[in-house]
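Here's the structure we're looking at; comments come further down.
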Amino acid sequence: MKDERPILEIRNLRRTFGEQQVLKGVNLKVPRGQITVIIGGSGCGKSVLLKHIIGLLKPDEGSILLDGKDLVTMEPEPLKEARMRFGMLFQDAALFDSMNVYENIAFPVREHRKMKEGDLANLVKEKLLQVGLPNTEIKYPSELSGGMRKRVGLARAIVLNPEIILYDEPTTGLDPIMSHAIDDLIVATQKALNGTTIIISHDIRATVRIANKVAMLHHGAIVAEGTPEEMMRHANPVVREFLESGITKVPTSAR
Ligand SMILES: Nc1ncnc2c1ncn2[C@@H]1O[C@H](COP(=O)(O)OP(=O)(O)OP(=O)(O)O)[C@@H](O)[C@H]1O
Ligand SMILES: [Mg+2]
């Protein structure tokens with residue numbers, strides 16, 4: 001039977017940097033086995049939210065429940081286990097420039113698992129094939145295009161077969177054809193891993209195309225959520241405008 005409980009539930013998440021209150025009580029349920037897209041103006045706190053979900057940042061207040069267990073208050077050992085259920089593609093791909101593609105993708109495996117080098121080599125090969133970049137093991141990040149770097153970042157994010165994959169702006173800076181290819185790859189990866197996907201996106205058209213659920217972050221809180229169709233018809237004009245225009249910045253007048 002399909003498990004209808006949200007895999008992830010964020011409750012009243014608050015985070016301040018100095019004087020700046022970035023997250024002002026975020027509440028969000030992430031449905032299991034679906035693609036959830038978080039949208040919002042530049043600088044509104046989307047990346048900060050994602051970094052809280054994977055535990056890179058700690059909130060001042062609030063909880064992040066993974067299958068009902070709070071990651072914020074979890075002991076280090078279970079937290080380490082829980083974190084292995086997540087894979088993340090960072091906004092800038094965040095590859096290690098001093099390592100070649102092979103070592104970049106092998107890195108999380110070396111950190112978390114014991115594996116023979118031959119098996120590891122096969123795994124890296126398989127993941128590179130999955131993201132459409134076969135035989136690039138010995139290249140260095142500086143020798144790759146932006147789209148290729150995102151793909152290597154994706155291969156690294158999925159190398160431990162995570163159940164939940166987070167993508168921070170996976171298509172920003174890519175041409176429309178490459179963007180489309182990356183979106184297809186996200187959907188294919190979602191299916192292959194039978195997982196849950198969370199995407200932060202500025203690309204409204206893609207959002208509508210691949211999302212099961214869309215949530216809008218605005219003024220430090222989720223102000224609207226629903227299916228793409230529901231969001232297009234949302235009562236809040238800020239939401240409709242954001243979706244209709246595909247703009248990347250919410251005008252200051254709307255803040
Ligand atoms: N580690 C940090 N220390 C202090 N301030 C931070 C930190 N990380 C983020 N901020 C601030 O929090 C705010 C939200 O940043 P964030 O990166 O989450 O925005 P974003 O919604 O992802 O924007 P974009 O769409 O441009 O990527 C910004 O004003 C940023 O300067
Ligand atoms: Mg960001």
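Starting from 1 in every chain, residues are counted up; chains themselves are A, B, ... following the order of the structure tokens, and ligands are numbered from 1 as listed.
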
Return as a short mmCIF file (atom, residue, chain, number, x, y, z; two decimals) with N, CA and C atoms, in the first residue's frame the residues of protein, DNA or RNA that approach ligand 1 to within 6 Å, with only C-alpha atoms and all ligand atoms taken into account.
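pocket.cif written:
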data_model
loop_
_atom_site.label_atom_id
_atom_site.label_comp_id
_atom_site.auth_asym_id
_atom_site.auth_seq_id
_atom_site.Cartn_x
_atom_site.Cartn_y
_atom_site.Cartn_z
N PHE A 17 20.13 35.51 10.91
CA PHE A 17 21.57 35.76 10.78
C PHE A 17 21.80 37.19 11.24
N VAL A 22 15.71 35.47 8.47
CA VAL A 22 15.52 34.88 7.13
C VAL A 22 14.35 33.91 7.10
N SER A 42 14.65 35.92 -5.37
CA SER A 42 16.06 35.81 -5.07
C SER A 42 16.35 36.36 -3.67
N GLY A 43 17.10 35.61 -2.89
CA GLY A 43 17.49 36.07 -1.56
C GLY A 43 16.44 35.86 -0.48
N CYS A 44 15.35 35.14 -0.81
CA CYS A 44 14.27 34.98 0.17
C CYS A 44 14.54 33.86 1.18
N GLY A 45 15.60 33.10 0.95
CA GLY A 45 15.95 32.08 1.96
C GLY A 45 15.78 30.64 1.50
N LYS A 46 15.67 30.44 0.20
CA LYS A 46 15.45 29.08 -0.31
C LYS A 46 16.65 28.16 -0.03
N SER A 47 17.84 28.65 -0.35
CA SER A 47 19.04 27.83 -0.11
C SER A 47 19.24 27.60 1.38
N VAL A 48 18.96 28.63 2.17
CA VAL A 48 19.08 28.49 3.63
C VAL A 48 18.13 27.39 4.13
#

Item to check | Nearby polymer residues, ligand 2, at most 12 Å, only C-alpha atoms and all ligand atoms, as a ChimeraX atom specification | outcome: /A:38-51,89-92,167-170,172,199-202,217,248

Serialized selection, N, CA and C atoms, as a compact mmCIF listing (two decimals), in the first residue's frame:
# COMPACT_ATOMS: atom_id res chain seq x y z
N ILE A 38 10.13 24.22 -4.58
CA ILE A 38 10.03 25.42 -3.75
C ILE A 38 10.44 26.62 -4.59
N ILE A 39 9.55 27.59 -4.70
CA ILE A 39 9.86 28.78 -5.48
C ILE A 39 9.89 30.00 -4.55
N GLY A 40 10.42 31.10 -5.07
CA GLY A 40 10.48 32.32 -4.26
C GLY A 40 11.52 33.26 -4.82
N GLY A 41 11.39 34.53 -4.50
CA GLY A 41 12.30 35.55 -5.04
C GLY A 41 13.74 35.32 -4.61
N SER A 42 14.65 35.92 -5.37
CA SER A 42 16.06 35.81 -5.07
C SER A 42 16.35 36.36 -3.67
N GLY A 43 17.10 35.61 -2.89
CA GLY A 43 17.49 36.07 -1.56
C GLY A 43 16.44 35.86 -0.48
N CYS A 44 15.35 35.14 -0.81
CA CYS A 44 14.27 34.98 0.17
C CYS A 44 14.54 33.86 1.18
N GLY A 45 15.60 33.10 0.95
CA GLY A 45 15.95 32.08 1.96
C GLY A 45 15.78 30.64 1.50
N LYS A 46 15.67 30.44 0.20
CA LYS A 46 15.45 29.08 -0.31
C LYS A 46 16.65 28.16 -0.03
N SER A 47 17.84 28.65 -0.35
CA SER A 47 19.04 27.83 -0.11
C SER A 47 19.24 27.60 1.38
N VAL A 48 18.96 28.63 2.17
CA VAL A 48 19.08 28.49 3.63
C VAL A 48 18.13 27.39 4.13
N LEU A 49 16.93 27.35 3.59
CA LEU A 49 15.97 26.32 3.98
C LEU A 49 16.50 24.93 3.64
N LEU A 50 17.02 24.78 2.43
CA LEU A 50 17.55 23.49 2.00
C LEU A 50 18.72 23.04 2.88
N LYS A 51 19.58 24.00 3.22
CA LYS A 51 20.73 23.67 4.07
C LYS A 51 20.29 23.24 5.47
N LEU A 89 22.26 18.27 -4.68
CA LEU A 89 22.99 18.96 -5.74
C LEU A 89 22.98 20.45 -5.39
N PHE A 90 24.16 20.98 -5.08
CA PHE A 90 24.25 22.37 -4.64
C PHE A 90 24.09 23.34 -5.81
N GLN A 91 23.75 24.59 -5.46
CA GLN A 91 23.48 25.62 -6.47
C GLN A 91 24.62 25.75 -7.47
N ASP A 92 25.87 25.67 -6.98
CA ASP A 92 27.02 25.84 -7.88
C ASP A 92 27.71 24.51 -8.18
N TYR A 167 17.67 19.48 -4.92
CA TYR A 167 18.36 20.18 -6.00
C TYR A 167 18.21 21.69 -5.78
N ASP A 168 19.33 22.38 -5.69
CA ASP A 168 19.26 23.84 -5.54
C ASP A 168 19.55 24.46 -6.91
N GLU A 169 18.53 24.98 -7.53
CA GLU A 169 18.65 25.63 -8.84
C GLU A 169 19.42 24.77 -9.85
N PRO A 170 18.90 23.60 -10.16
CA PRO A 170 19.66 22.69 -11.03
C PRO A 170 19.86 23.20 -12.46
N THR A 172 19.77 26.70 -13.42
CA THR A 172 20.16 28.10 -13.57
C THR A 172 21.49 28.21 -14.32
N ILE A 199 13.05 20.37 -5.18
CA ILE A 199 13.81 21.23 -6.09
C ILE A 199 13.54 22.69 -5.74
N ILE A 200 14.61 23.47 -5.73
CA ILE A 200 14.45 24.92 -5.66
C ILE A 200 14.61 25.41 -7.08
N SER A 201 13.67 26.21 -7.52
CA SER A 201 13.76 26.60 -8.92
C SER A 201 13.32 28.03 -9.18
N HIS A 202 14.02 28.63 -10.12
CA HIS A 202 13.62 29.92 -10.67
C HIS A 202 12.92 29.70 -11.99
N LEU A 217 7.92 30.30 -1.04
CA LEU A 217 8.52 30.94 0.13
C LEU A 217 8.53 32.44 -0.11
N THR A 248 12.27 36.22 -11.95
CA THR A 248 13.17 35.61 -10.98
C THR A 248 13.23 36.45 -9.70

Next on the checklist: Quick one: residues within 10 Å of A:Ala157, only C-alpha atoms, excluding same-chain residues fewer than 2 positions away - as a list in words?
Outcome noted: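 That gives Phe86, Gly87, Met88, Leu89, Phe90, Ala93, Ile105, Pro108, Lys127, Arg151, Val152, Gly153, Leu154, Ala155, Val159, Leu160, Asn161, Pro162, Ile165, Leu166 and Tyr167 of chain A.
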
Next on the checklist: What parts of stretch 71-195 of chain A does DSSP call helix (DSSP H, G or I)? I'd like the answer as an MDAnalysis selection string.
Outcome noted: chainID A and resid 76:83 101:112 117:130 141:143 146:157 176:193

Checklist entry - For A:Glu244, which of A:Val101, A:Val208, A:Ala221, A:Val131 is the closest residue, counting only C-alpha atoms? => result A:Val208

Item to check | Who sits within 12 Å of A:Ile53, only C-alpha atoms, same chain under 3 positions skipped, as a PyMOL selection string | outcome: chain A and resi 8-11+13+26+28+30+46-50+56-59+62-66+70-72+79+82-83+85-88+164-167+198

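Near stretch 118-123 of chain A, within 9 Å and counting only C-alpha atoms, sit A:Tyr102, A:Ala106, A:Val109, A:Arg110, A:Val159; same-chain residues fewer than 6 positions away were not included.
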
Restricting the output to N, CA and C atoms, write the selected residues as a PDB file, in the first residue's frame.
ATOM      1  N   TYR A 102      36.152  11.258 -11.296  1.00  0.00           N
ATOM      2  CA  TYR A 102      36.095   9.976 -10.570  1.00  0.00           C
ATOM      3  C   TYR A 102      36.153  10.196  -9.062  1.00  0.00           C
ATOM      4  N   ALA A 106      33.385   9.484  -6.195  1.00  0.00           N
ATOM      5  CA  ALA A 106      33.748   8.446  -5.219  1.00  0.00           C
ATOM      6  C   ALA A 106      33.768   8.993  -3.788  1.00  0.00           C
ATOM      7  N   VAL A 109      31.241   7.949  -1.126  1.00  0.00           N
ATOM      8  CA  VAL A 109      31.334   6.498  -0.891  1.00  0.00           C
ATOM      9  C   VAL A 109      32.509   6.215   0.037  1.00  0.00           C
ATOM     10  N   ARG A 110      33.644   6.857  -0.248  1.00  0.00           N
ATOM     11  CA  ARG A 110      34.827   6.670   0.604  1.00  0.00           C
ATOM     12  C   ARG A 110      34.544   7.137   2.033  1.00  0.00           C
ATOM     13  N   VAL A 159      25.085   8.901  -5.691  1.00  0.00           N
ATOM     14  CA  VAL A 159      25.964   7.722  -5.668  1.00  0.00           C
ATOM     15  C   VAL A 159      25.638   6.757  -4.523  1.00  0.00           C
TER      16      VAL A 159
END

Checklist entry - Contacts of A:Ile138 at 12 Å or less, counting only C-alpha atoms, minus same-chain residues fewer than 4 places along, as an MDAnalysis selection string? => result chainID A and resid 98:105 121 124:125 128 133:134 142:144

Next on the checklist: Need to verify the contact set: A:Glu4, 12 Å, only C-alpha atoms, exclusion of same-chain residues closer than 5 positions in sequence. Can you return it as a ChimeraX atom specification?
Outcome noted: /A:29-34,67

Checklist entry - Using only C-alpha atoms, which residue out of A:Gly226, A:Gly132, A:Gly195, A:Pro237 lies closest to A:Ile7? => result A:Gly195

DSSP strand (DSSP E or B) residues within stretch 28-252 of chain A, listed as a CSV table (one decimal) with C-alpha atoms, in the first residue's frame:
chain,number,residue,atom,x,y,z
A,28,LEU,CA,5.9,22.5,5.0
A,29,LYS,CA,5.0,18.9,4.4
A,30,VAL,CA,6.9,17.0,1.7
A,35,ILE,CA,8.5,16.0,-6.7
A,36,THR,CA,8.1,19.1,-4.6
A,37,VAL,CA,9.3,22.4,-6.0
A,38,ILE,CA,10.0,25.4,-3.7
A,39,ILE,CA,9.9,28.8,-5.5
A,61,GLU,CA,13.7,27.2,16.6
A,62,GLY,CA,11.5,24.6,15.0
A,63,SER,CA,11.7,21.0,13.9
A,64,ILE,CA,12.5,19.0,10.8
A,65,LEU,CA,10.8,15.6,11.0
A,66,LEU,CA,12.1,12.8,8.9
A,69,LYS,CA,11.8,11.9,13.9
A,70,ASP,CA,13.2,15.3,14.6
A,86,PHE,CA,19.7,12.6,1.6
A,87,GLY,CA,21.5,13.6,-1.6
A,88,MET,CA,22.0,17.1,-2.6
A,89,LEU,CA,23.0,19.0,-5.7
A,164,ILE,CA,15.5,12.1,-0.9
A,165,ILE,CA,17.3,14.2,-3.4
A,166,LEU,CA,17.5,18.0,-3.1
A,167,TYR,CA,18.4,20.2,-6.0
A,168,ASP,CA,19.3,23.8,-5.5
A,196,THR,CA,11.4,11.9,-3.1
A,197,THR,CA,12.6,15.0,-4.8
A,198,ILE,CA,12.8,18.6,-3.6
A,199,ILE,CA,13.8,21.2,-6.1
A,200,ILE,CA,14.5,24.9,-5.7
A,213,LYS,CA,3.6,20.0,-5.5
A,214,VAL,CA,4.7,23.7,-5.6
A,215,ALA,CA,5.3,25.7,-2.4
A,216,MET,CA,6.2,29.4,-2.4
A,217,LEU,CA,8.5,30.9,0.1
A,218,HIS,CA,7.9,34.6,0.7
A,221,ALA,CA,7.3,31.7,5.3
A,222,ILE,CA,5.5,29.4,3.0
A,223,VAL,CA,2.7,31.6,1.8
A,224,ALA,CA,1.1,29.2,-0.7
A,225,GLU,CA,1.2,25.5,-1.7
A,226,GLY,CA,-0.6,23.2,-4.0

Item to check | Straight-line distance linking atom CA of A:Leu129 with atom CA of A:Lys150, stated in Å to one decimal | outcome: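 If I compute the distance from atom CA of A:Leu129 to atom CA of A:Lys150, I get 14.1 Å.
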
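With atom CA of A:Tyr140 on one side and atom CA of A:Phe96 on the other, the separation reads 9.0 Å.
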
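Separating atom CA of A:His112 from atom CA of A:Ala192 is a distance of 21.6 Å.
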